[in-house]
Amino acid sequence: MRFTVRPGCLMLALLGALSAGLPARAAEPPIRVGVLAYRGGDHANAVWEPTVRYLADRFPQRGAEMVPLDLPGMDAAVAAGSVDFVLTNTGNYVELEARHGVTRIATLHSSRSGASGAAVGSALIVRAGRDDIRSLADLKGKSVMAVDPDAFGGFQVAWGAMLTAGVDPYADLKELRFSGFPVDRVAFAVRDGAVDAGVLRACVLEELAQEGHLDRAGFLVVGARTEPGFGCALSTGLYPDWPLARLAETPEDLAKAVVVALFQMPERHPAALAGGYEGWTVPMDYQPVHGLFRSLRIGPYEHLRDVTLLDLAREHWHWLALAALALLWWAVHSLRVEHLIKVRTAELRAANRELRREMAERRRAEDTARERQKEMDHVARLSILGEMASNIAHELNQPLGAIANYARGCTRRLEAGVGSAAEFAEASRAIAAQADRAGQIIARIRDFVRKRAVQLEPADVNGAVEAALQLCEGRARSGNIPVTRTLAAGLPPVLADRVQIEQVVLNLVKNALDAMDSPADGKEAGEGRSVTVRTGLDAEGRVEIAVADRGHGLSEDARARLFDPFFTTKPGGMGLGLSICRTIVESHGGHLWATDHPGGGTVVRLVLPAAEEKVNAG
Ligand code: ADP
């Protein structure tokens with residue numbers, strides 16, 4: 001809607017031109033003033049037309065044209081340059097200033113302005129009787145209506161005040177509605193109970209009441225406060241009133257002339273009365289409006305909502321630096337730990353390999369040692385048997401001789417034709433018995449020298465002693481040495497390889513016989529030559545075998561080196577017997593040692609731990 005004023009009076013035109021200091025030029029386009037019609041075109045016409053007419057009167061050669069515009073229209077008109085000046089609300093001005101470079105040249109001094117000259121604020125209204133909403137904070141959870149999100153006094157000022165009171169209208173309300181212009185709708189919605197509260201530019205309520213549109217007494221203003229000199233009910237602070245602003249392209253001299261014209265408006269001029277203002281004053285400071293918009297992040301500060309990562313980084317750089325340092329520390333620490341783990345793992349692997357290698361080596365060494373021990377045992381058994389071969393042969397000779405005698409006796413009797421069948425049968429039985437005896441001797445020898453793996457099982461010590469003695473009895477007899485045995489009855493078995501125990505006993509008895517056979521180191525064999533073999537239990541419950549002889553005894557040297565391998569005092573001796581015996585006894589968990597016989601000679605003893613299983617006495 002456009003409204004053009006062209007005065008017909010030449011005198012007035014001349015006066016206007018003179019007072020404006022402008023050269024009179026014909027056919028210039030009228031001065032176009034864009035006016036924010038926040039309550040519709042009619043209202044805008046009624047309020048602002050006299051002011052525009054006043055300007056038209058002051059610029060008769062151009063005239064003046066009023067262009068009522070809503071908020072988007074205002075922006076479009078300024079962008080298109082289709083107006084020379086804009087008369088708009090405070091918020092819209094700040095936005096146009098930022099977006100299109102408009103500059104305020106005067107601020108309205110309204111009749112309702114406070115002492116500071118500021119005149120725009122918001123009133124939050126509720127229906128009279130709503131005791132539950134007394135302060136802005138009480139609006140939490142309520143429904144609120146405003147005219148438009150872009151309305152300055154009609155919403156944005158209230159928005160800022162609500163945020164300060166801790167209520168975000170976009171988050172904390174039950175509902176936020178915008179009615180659109182005209183603002184009357186907000187008041188009616190509150191009156192009709194369609195919403196709990198409404199936002200109005202301060203003084204609109206009073207204006208509507210004055211115009212008879214509603215009953216002022218039907219409303220309460222929430223958190224009502226006063227500003228010195230400001231006559232309307234108010235819920236917020238005050239901001240500067242509407243400015244008149246020129247567009248960037250509006251000529252400077254025209255702007256100056258318009259300002260002069262407005263400043264010269266006489267008091268109580270009809271235009272001022274119609275516009276509800278007292279006159280025009282120097283442009284006020286709109287920085288508080290910028291502050292409000294910045295805090296709301298709207299208008300020219302809308303971009304603040306689009307916070308970029310860079311903005312965040314700038315704002316929180318110290319935290320980021322700290323986080324980066326922590327990250328760096330963590331990364332370095334992790335790398336270090338990882339490195340240490342790698343080094344340690346490599347070390348452990350190497351140690352493991354080395355351990356496995358050592359274990360394998362040890363196992364091999366043990367296997368080899370076991371094999372050697374077995375070989376040595378075997379050799380020792382062969383050797384000892386070799387030494388006693390003549391005696392064993394002698395031993396065998398006895399049954400063989402007996403067999404031959406029986407056979408010859410039978411032959412003689414047959415040839416002489418004497419002898420009964422019973423006598424021959426008796427002789428045959430005797431032959432068979434002697435052959436068995438010879439067979440047993442051979443079997444024992446075979447058992448003794450057989451190459452075999454060690455077998456641990458509960459063994460009867462007395463039995464092993466008897467078997468050993470049988471192998472060397474011939475030798476003792478031929479040497480005329482009595483061998484006595486004192487074997488304890490009911491001995492517990494020992495967990496042992498019986499052949500090895502026999503081997504040990506045989507060795508000890510052979511040594512005992514040797515010691516009485518020949519003098520060694522000049523020592524004569526003891527008188528009353530004899531060998532005694534004893535078995536029994538020692539104080540700790542171990543099975544003991546003692547071989548005592550009355551031989552030449554032990555020299556100092558022999559005492560010290562008795563069990564050393566290859567120590568021997570015998571011509572042709574190997575010096576391995578006792579060393580092997582000790583190894584065997586110790587491998588059975590036992591102990592072997594030698595002492596002097598009190599009556600001359602030597603006692604060699606060994607103890608073996610009893611097996612857990614007891615021999616069944618039966
Ligand atoms: P070897 O019988 O081949 O000499 P041994 O190891 O059986 O090997 O004996 C080592 C040495 O210990 C003997 O040469 C002997 O000097 C001494 N010895 C062993 N038993 C007796 C003993 N009963 N009385 C005296 N000396 C002994």
# chains A, B, ... in the order shown; residues from 1 in each chain; ligands from 1

$ residues_near_ligand --ligand "ligand 1" --cutoff "9 Å" --atoms "only C-alpha atoms and all ligand atoms" --output "number ranges by chain"
A: 384, 507-516, 520-521, 547-555, 557-559, 561-581, 594, 596, 601-604

$ residues_around --residues "Leu238 in chain A" --least-positions-apart "5" --cutoff "9 Å" --atoms "only C-alpha atoms" --output "CSV table (one decimal) with all heavy atoms, in the first residue's frame"
chain,number,residue,atom,x,y,z
A,114,GLY,N,10.8,6.7,28.6
A,114,GLY,CA,11.2,6.9,30.0
A,114,GLY,C,12.2,8.0,30.1
A,114,GLY,O,12.5,8.7,29.0
A,116,SER,N,15.3,7.9,30.3
A,116,SER,CA,16.5,7.7,29.5
A,116,SER,C,16.2,8.0,28.1
A,116,SER,O,17.1,8.0,27.3
A,116,SER,CB,16.9,6.3,29.7
A,116,SER,OG,15.9,5.4,29.2
A,118,ALA,N,14.6,5.9,26.3
A,118,ALA,CA,14.3,4.5,25.8
A,118,ALA,C,12.8,4.3,26.0
A,118,ALA,O,12.2,4.7,27.0
A,118,ALA,CB,15.1,3.5,26.5
A,119,ALA,N,12.2,3.6,25.1
A,119,ALA,CA,10.8,3.4,25.1
A,119,ALA,C,10.3,2.0,24.7
A,119,ALA,O,9.1,1.8,24.8
A,119,ALA,CB,10.1,4.5,24.2
A,120,VAL,N,11.2,1.1,24.4
A,120,VAL,CA,10.7,-0.2,23.9
A,120,VAL,C,11.0,-1.3,24.9
A,120,VAL,O,12.1,-1.5,25.3
A,120,VAL,CB,11.3,-0.6,22.5
A,120,VAL,CG1,10.7,-1.9,22.1
A,120,VAL,CG2,11.0,0.5,21.5
A,121,GLY,N,10.0,-1.9,25.3
A,121,GLY,CA,10.1,-3.1,26.2
A,121,GLY,C,9.0,-4.0,26.0
A,121,GLY,O,8.3,-3.9,25.0
A,122,SER,N,9.0,-5.1,26.8
A,122,SER,CA,7.9,-6.1,26.6
A,122,SER,C,7.1,-6.2,27.8
A,122,SER,O,7.6,-6.0,29.0
A,122,SER,CB,8.5,-7.4,26.3
A,122,SER,OG,9.2,-7.4,25.1
A,157,VAL,N,12.6,-8.9,23.1
A,157,VAL,CA,13.0,-8.4,24.4
A,157,VAL,C,12.5,-9.3,25.5
A,157,VAL,O,13.3,-9.6,26.5
A,157,VAL,CB,12.4,-6.9,24.6
A,157,VAL,CG1,12.7,-6.4,26.0
A,157,VAL,CG2,13.0,-6.0,23.5
A,227,GLU,N,9.9,1.8,35.1
A,227,GLU,CA,11.1,2.5,34.7
A,227,GLU,C,10.8,4.0,34.9
A,227,GLU,O,9.7,4.4,34.6
A,227,GLU,CB,11.4,2.3,33.2
A,227,GLU,CG,12.0,0.9,32.9
A,227,GLU,CD,13.5,0.9,33.2
A,227,GLU,OE1,14.2,1.9,33.2
A,227,GLU,OE2,13.9,-0.3,33.6

$ closest_residue --among "A:Pro283, A:Pro149, A:Gly41, A:Pro60" --to "Ala245 in chain A" --atoms "only C-alpha atoms"
A:Pro283

$ residues_around --residues "Ala271 in chain A" --least-positions-apart "2" --cutoff "8 Å" --atoms "only C-alpha atoms" --output "list in words"
Trp48, Glu49, Pro50, Thr51, Arg53, Tyr54, His269, Leu273, Ala274 and Gly275 of chain A

$ select_by_dssp --residues "range 211-419 of chain A" --states "alpha helix (DSSP H)" --output "MDAnalysis selection string"
chainID A and resid 252:263 270:275 287:296 309:315 317:387 389:416

$ residues_around --residues "His43 in chain A" --least-positions-apart "2" --cutoff "12 Å" --atoms "only C-alpha atoms" --output "number ranges by chain"
A: 35-41, 45-49, 68-69, 181-184, 207-208, 211, 274-275

$ residues_around --residues "Ala106 in chain A" --least-positions-apart "3" --cutoff "6 Å" --atoms "only C-alpha atoms" --output "PDB file with C-alpha atoms, in the first residue's frame"
ATOM      1  CA  PRO A 243      14.690   5.136  14.628  1.00  0.00           C
ATOM      2  CA  LEU A 244      14.370   6.771  11.244  1.00  0.00           C
ATOM      3  CA  THR A 281      15.789  13.448  18.902  1.00  0.00           C
ATOM      4  CA  VAL A 282      19.397  12.642  18.036  1.00  0.00           C
ATOM      5  CA  PRO A 283      19.923   8.973  17.197  1.00  0.00           C
TER       6      PRO A 283
END

$ residues_around --residues "range 73-87 of chain A" --least-positions-apart "4" --cutoff "10 Å" --atoms "only C-alpha atoms" --output "PDB file with C-alpha atoms, in the first residue's frame"
ATOM      1  CA  PRO A  30       8.857  11.696  -3.931  1.00  0.00           C
ATOM      2  CA  ILE A  31      10.769  10.845  -0.827  1.00  0.00           C
ATOM      3  CA  ARG A  32       9.863   7.283  -0.053  1.00  0.00           C
ATOM      4  CA  VAL A  33       9.568   6.327   3.608  1.00  0.00           C
ATOM      5  CA  GLY A  34       9.147   2.650   4.373  1.00  0.00           C
ATOM      6  CA  VAL A  35       7.146   2.248   7.576  1.00  0.00           C
ATOM      7  CA  LEU A  36       6.815  -0.990   9.566  1.00  0.00           C
ATOM      8  CA  ALA A  37       3.097  -1.711   9.690  1.00  0.00           C
ATOM      9  CA  TRP A  48       2.345   7.574  10.404  1.00  0.00           C
ATOM     10  CA  GLU A  65       5.395   8.832  -0.023  1.00  0.00           C
ATOM     11  CA  MET A  66       4.697   6.387   2.772  1.00  0.00           C
ATOM     12  CA  VAL A  67       5.309   2.718   2.044  1.00  0.00           C
ATOM     13  CA  PRO A  68       3.746   0.515   4.755  1.00  0.00           C
ATOM     14  CA  LEU A  69       5.677  -2.722   4.971  1.00  0.00           C
ATOM     15  CA  ASN A  92      14.368  -4.553  12.700  1.00  0.00           C
ATOM     16  CA  TYR A  93      16.610  -1.500  12.488  1.00  0.00           C
ATOM     17  CA  GLU A  95      19.096  -6.116  11.558  1.00  0.00           C
ATOM     18  CA  LEU A  96      18.808  -3.798   8.559  1.00  0.00           C
ATOM     19  CA  ARG A  99      22.457  -6.582   6.639  1.00  0.00           C
ATOM     20  CA  HIS A 100      22.046  -3.575   4.413  1.00  0.00           C
ATOM     21  CA  GLY A 101      24.065  -0.792   6.038  1.00  0.00           C
ATOM     22  CA  VAL A 102      21.139   1.496   6.878  1.00  0.00           C
ATOM     23  CA  THR A 103      22.065   4.303   9.297  1.00  0.00           C
ATOM     24  CA  ARG A 104      19.841   5.807  11.943  1.00  0.00           C
ATOM     25  CA  ILE A 105      19.544   9.577  11.583  1.00  0.00           C
ATOM     26  CA  ALA A 106      17.006  10.251  14.350  1.00  0.00           C
ATOM     27  CA  THR A 107      15.248   8.420  17.140  1.00  0.00           C
ATOM     28  CA  LEU A 108      11.633   8.844  17.965  1.00  0.00           C
ATOM     29  CA  TRP A 242      12.034   3.379  16.672  1.00  0.00           C
ATOM     30  CA  PRO A 243      14.690   5.136  14.628  1.00  0.00           C
ATOM     31  CA  LEU A 244      14.370   6.771  11.244  1.00  0.00           C
ATOM     32  CA  ALA A 245      17.203   5.411   9.150  1.00  0.00           C
ATOM     33  CA  ARG A 246      18.504   6.254   5.728  1.00  0.00           C
ATOM     34  CA  LEU A 247      19.595   3.717   3.215  1.00  0.00           C
ATOM     35  CA  ALA A 248      23.267   3.581   2.252  1.00  0.00           C
ATOM     36  CA  GLU A 249      22.438   5.018  -1.161  1.00  0.00           C
ATOM     37  CA  THR A 250      20.186   7.831   0.096  1.00  0.00           C
ATOM     38  CA  PRO A 251      21.968  11.129  -0.639  1.00  0.00           C
ATOM     39  CA  LEU A 254      18.586  14.670   1.551  1.00  0.00           C
ATOM     40  CA  ALA A 255      19.184  12.806   4.830  1.00  0.00           C
ATOM     41  CA  VAL A 258      14.980  15.283   6.464  1.00  0.00           C
TER      42      VAL A 258
END

$ select_by_dssp --residues "range 163-202 of chain A" --states "strand (DSSP E or B)" --output "ChimeraX atom specification"
/A:175-178,197-201

$ write_last_selection --atoms "all heavy atoms" --output "short mmCIF file (atom, residue, chain, number, x, y, z; two decimals), in the first residue's frame"
data_model
loop_
_atom_site.label_atom_id
_atom_site.label_comp_id
_atom_site.auth_asym_id
_atom_site.auth_seq_id
_atom_site.Cartn_x
_atom_site.Cartn_y
_atom_site.Cartn_z
N GLU A 175 4.24 -24.68 25.41
CA GLU A 175 4.00 -24.37 24.00
C GLU A 175 4.38 -22.91 23.75
O GLU A 175 4.14 -22.05 24.58
CB GLU A 175 2.51 -24.56 23.68
CG GLU A 175 2.19 -24.41 22.21
CD GLU A 175 0.67 -24.40 21.95
OE1 GLU A 175 -0.10 -24.23 22.93
OE2 GLU A 175 0.28 -24.52 20.80
N LEU A 176 4.99 -22.68 22.59
CA LEU A 176 5.28 -21.28 22.20
C LEU A 176 4.62 -21.07 20.84
O LEU A 176 4.95 -21.77 19.88
CB LEU A 176 6.80 -21.07 22.09
CG LEU A 176 7.22 -19.70 21.57
CD1 LEU A 176 6.78 -18.58 22.52
CD2 LEU A 176 8.75 -19.63 21.39
N ARG A 177 3.67 -20.14 20.80
CA ARG A 177 2.92 -19.94 19.55
C ARG A 177 3.13 -18.53 19.06
O ARG A 177 3.27 -17.60 19.86
CB ARG A 177 1.42 -20.18 19.77
CG ARG A 177 1.08 -21.65 19.66
CD ARG A 177 -0.21 -21.96 20.36
NE ARG A 177 -1.37 -21.31 19.76
CZ ARG A 177 -2.60 -21.40 20.26
NH1 ARG A 177 -2.82 -22.09 21.35
NH2 ARG A 177 -3.60 -20.79 19.66
N PHE A 178 3.09 -18.35 17.74
CA PHE A 178 3.17 -17.01 17.16
C PHE A 178 1.88 -16.74 16.40
O PHE A 178 1.49 -17.53 15.53
CB PHE A 178 4.39 -16.91 16.25
CG PHE A 178 5.69 -17.01 17.03
CD1 PHE A 178 6.41 -18.19 17.05
CD2 PHE A 178 6.15 -15.93 17.78
CE1 PHE A 178 7.58 -18.30 17.79
CE2 PHE A 178 7.33 -16.03 18.52
CZ PHE A 178 8.04 -17.21 18.52
N ALA A 197 -0.13 -17.19 28.67
CA ALA A 197 0.46 -15.85 28.72
C ALA A 197 0.72 -15.35 27.31
O ALA A 197 0.78 -16.14 26.36
CB ALA A 197 1.76 -15.87 29.51
N GLY A 198 0.87 -14.04 27.18
CA GLY A 198 1.15 -13.45 25.88
C GLY A 198 2.22 -12.39 26.02
O GLY A 198 2.39 -11.80 27.09
N VAL A 199 2.95 -12.20 24.91
CA VAL A 199 3.98 -11.16 24.92
C VAL A 199 3.49 -10.00 24.07
O VAL A 199 3.08 -10.20 22.92
CB VAL A 199 5.30 -11.69 24.33
CG1 VAL A 199 6.38 -10.62 24.43
CG2 VAL A 199 5.74 -12.96 25.03
N LEU A 200 3.51 -8.82 24.64
CA LEU A 200 3.14 -7.62 23.88
C LEU A 200 4.25 -6.61 24.03
O LEU A 200 4.95 -6.58 25.05
CB LEU A 200 1.85 -7.00 24.45
CG LEU A 200 0.55 -7.78 24.24
CD1 LEU A 200 -0.60 -7.02 24.90
CD2 LEU A 200 0.26 -7.96 22.76
N ARG A 201 4.44 -5.78 22.98
CA ARG A 201 5.33 -4.66 23.18
C ARG A 201 4.71 -3.81 24.27
O ARG A 201 3.48 -3.66 24.34
CB ARG A 201 5.48 -3.84 21.89
CG ARG A 201 6.43 -2.67 22.03
CD ARG A 201 6.68 -1.98 20.70
NE ARG A 201 5.46 -1.41 20.12
CZ ARG A 201 4.86 -0.30 20.57
NH1 ARG A 201 5.33 0.35 21.64
NH2 ARG A 201 3.78 0.15 19.98
#

$ atom_distance --atom1 "CA of Ala123 in chain A" --atom2 "CA of Glu302 in chain A"
24.6 Å

$ closest_residue --among "A:Tyr170, A:Trp280, A:Phe219, A:Trp159" --to "Phe263 in chain A" --atoms "only C-alpha atoms"
A:Trp280

$ residues_around --residues "range 420-435 of chain A" --least-positions-apart "5" --cutoff "8 Å" --atoms "only C-alpha atoms" --output "ChimeraX atom specification"
/A:399-400,402-403,406-407,410

$ closest_residue --among "A:Ala151, A:Val222, A:Ala560, A:Ala313" --to "Leu139 in chain A" --atoms "only C-alpha atoms"
A:Val222

$ closest_residue --among "A:Ile445, A:Arg216, A:Trp317, A:Ala209" --to "Gly386 in chain A" --atoms "only C-alpha atoms"
A:Ile445

$ closest_residue --among "A:Ala137, A:Gly276, A:Ala468, A:Val289" --to "Ser111 in chain A" --atoms "only C-alpha atoms"
A:Gly276

$ closest_residue --among "A:Pro492, A:Gly474, A:Pro300, A:Gly141" --to "Leu396 in chain A" --atoms "only C-alpha atoms"
A:Gly474

$ closest_atom_pairs --of "range 466-516 of chain A" --to "range 448-452 of chain A" --cutoff "12 Å" --atoms "only C-alpha atoms" --output "Markdown table"
| residue | atom | partner | partner_atom | distance |
| --- | --- | --- | --- | --- |
| A:Ala467 | CA | A:Phe448 | CA | 9.9 |
| A:Ala468 | CA | A:Phe448 | CA | 9.4 |
| A:Leu471 | CA | A:Phe448 | CA | 9.7 |
| A:Asp497 | CA | A:Arg452 | CA | 10.6 |
| A:Arg498 | CA | A:Phe448 | CA | 10.0 |
| A:Val499 | CA | A:Phe448 | CA | 6.5 |
| A:Gln500 | CA | A:Phe448 | CA | 8.8 |
| A:Ile501 | CA | A:Phe448 | CA | 10.8 |
| A:Glu502 | CA | A:Phe448 | CA | 8.3 |
| A:Gln503 | CA | A:Phe448 | CA | 7.8 |
| A:Val504 | CA | A:Phe448 | CA | 11.6 |
| A:Leu506 | CA | A:Phe448 | CA | 10.6 |

$ decode --residues "range 117-145 of chain A" --atoms "N, CA and C atoms" --output "short mmCIF file (atom, residue, chain, number, x, y, z; two decimals), in the first residue's frame"
data_model
loop_
_atom_site.label_atom_id
_atom_site.label_comp_id
_atom_site.auth_asym_id
_atom_site.auth_seq_id
_atom_site.Cartn_x
_atom_site.Cartn_y
_atom_site.Cartn_z
N GLY A 117 15.00 8.13 27.69
CA GLY A 117 14.68 8.29 26.27
C GLY A 117 14.32 6.97 25.64
N ALA A 118 14.63 5.86 26.34
CA ALA A 118 14.29 4.55 25.79
C ALA A 118 12.81 4.27 26.01
N ALA A 119 12.23 3.56 25.07
CA ALA A 119 10.78 3.41 25.14
C ALA A 119 10.27 2.05 24.74
N VAL A 120 11.18 1.10 24.38
CA VAL A 120 10.68 -0.18 23.91
C VAL A 120 11.00 -1.27 24.93
N GLY A 121 9.97 -1.93 25.33
CA GLY A 121 10.14 -3.06 26.23
C GLY A 121 9.03 -4.04 25.95
N SER A 122 8.95 -5.07 26.79
CA SER A 122 7.89 -6.06 26.58
C SER A 122 7.07 -6.19 27.85
N ALA A 123 5.80 -6.51 27.62
CA ALA A 123 4.92 -6.81 28.75
C ALA A 123 4.42 -8.23 28.54
N LEU A 124 4.63 -9.10 29.54
CA LEU A 124 4.08 -10.45 29.47
C LEU A 124 2.76 -10.42 30.21
N ILE A 125 1.70 -10.71 29.50
CA ILE A 125 0.40 -10.55 30.12
C ILE A 125 -0.26 -11.90 30.36
N VAL A 126 -1.03 -11.96 31.45
CA VAL A 126 -1.86 -13.14 31.73
C VAL A 126 -3.25 -12.63 32.08
N ARG A 127 -4.19 -13.53 32.03
CA ARG A 127 -5.54 -13.13 32.39
C ARG A 127 -5.58 -12.80 33.88
N ALA A 128 -6.32 -11.76 34.21
CA ALA A 128 -6.44 -11.39 35.63
C ALA A 128 -6.93 -12.61 36.41
N GLY A 129 -6.33 -12.82 37.56
CA GLY A 129 -6.74 -13.96 38.39
C GLY A 129 -5.80 -15.14 38.28
N ARG A 130 -4.86 -15.09 37.34
CA ARG A 130 -3.89 -16.21 37.23
C ARG A 130 -2.80 -16.00 38.28
N ASP A 131 -3.05 -16.53 39.47
CA ASP A 131 -2.09 -16.33 40.56
C ASP A 131 -0.86 -17.21 40.41
N ASP A 132 -0.97 -18.21 39.51
CA ASP A 132 0.15 -19.15 39.39
C ASP A 132 1.30 -18.58 38.57
N ILE A 133 1.08 -17.47 37.88
CA ILE A 133 2.17 -16.90 37.07
C ILE A 133 2.43 -15.48 37.58
N ARG A 134 3.38 -15.37 38.50
CA ARG A 134 3.65 -14.04 39.08
C ARG A 134 4.98 -13.49 38.57
N SER A 135 5.91 -14.40 38.26
CA SER A 135 7.20 -13.94 37.75
C SER A 135 7.49 -14.65 36.43
N LEU A 136 8.51 -14.17 35.75
CA LEU A 136 8.85 -14.78 34.46
C LEU A 136 9.23 -16.25 34.65
N ALA A 137 9.85 -16.56 35.80
CA ALA A 137 10.26 -17.95 36.04
C ALA A 137 9.05 -18.88 36.11
N ASP A 138 7.88 -18.31 36.50
CA ASP A 138 6.67 -19.15 36.60
C ASP A 138 6.16 -19.60 35.24
N LEU A 139 6.72 -19.03 34.17
CA LEU A 139 6.22 -19.38 32.83
C LEU A 139 6.67 -20.77 32.39
N LYS A 140 7.62 -21.32 33.13
CA LYS A 140 8.11 -22.67 32.79
C LYS A 140 6.93 -23.65 32.71
N GLY A 141 6.84 -24.35 31.61
CA GLY A 141 5.77 -25.33 31.48
C GLY A 141 4.42 -24.74 31.06
N LYS A 142 4.38 -23.45 30.79
CA LYS A 142 3.11 -22.81 30.40
C LYS A 142 3.09 -22.58 28.89
N SER A 143 1.90 -22.27 28.37
CA SER A 143 1.83 -21.94 26.95
C SER A 143 1.88 -20.42 26.81
N VAL A 144 2.68 -19.99 25.84
CA VAL A 144 2.89 -18.55 25.66
C VAL A 144 2.71 -18.21 24.19
N MET A 145 2.09 -17.05 23.95
CA MET A 145 1.92 -16.61 22.56
C MET A 145 2.60 -15.26 22.38
#
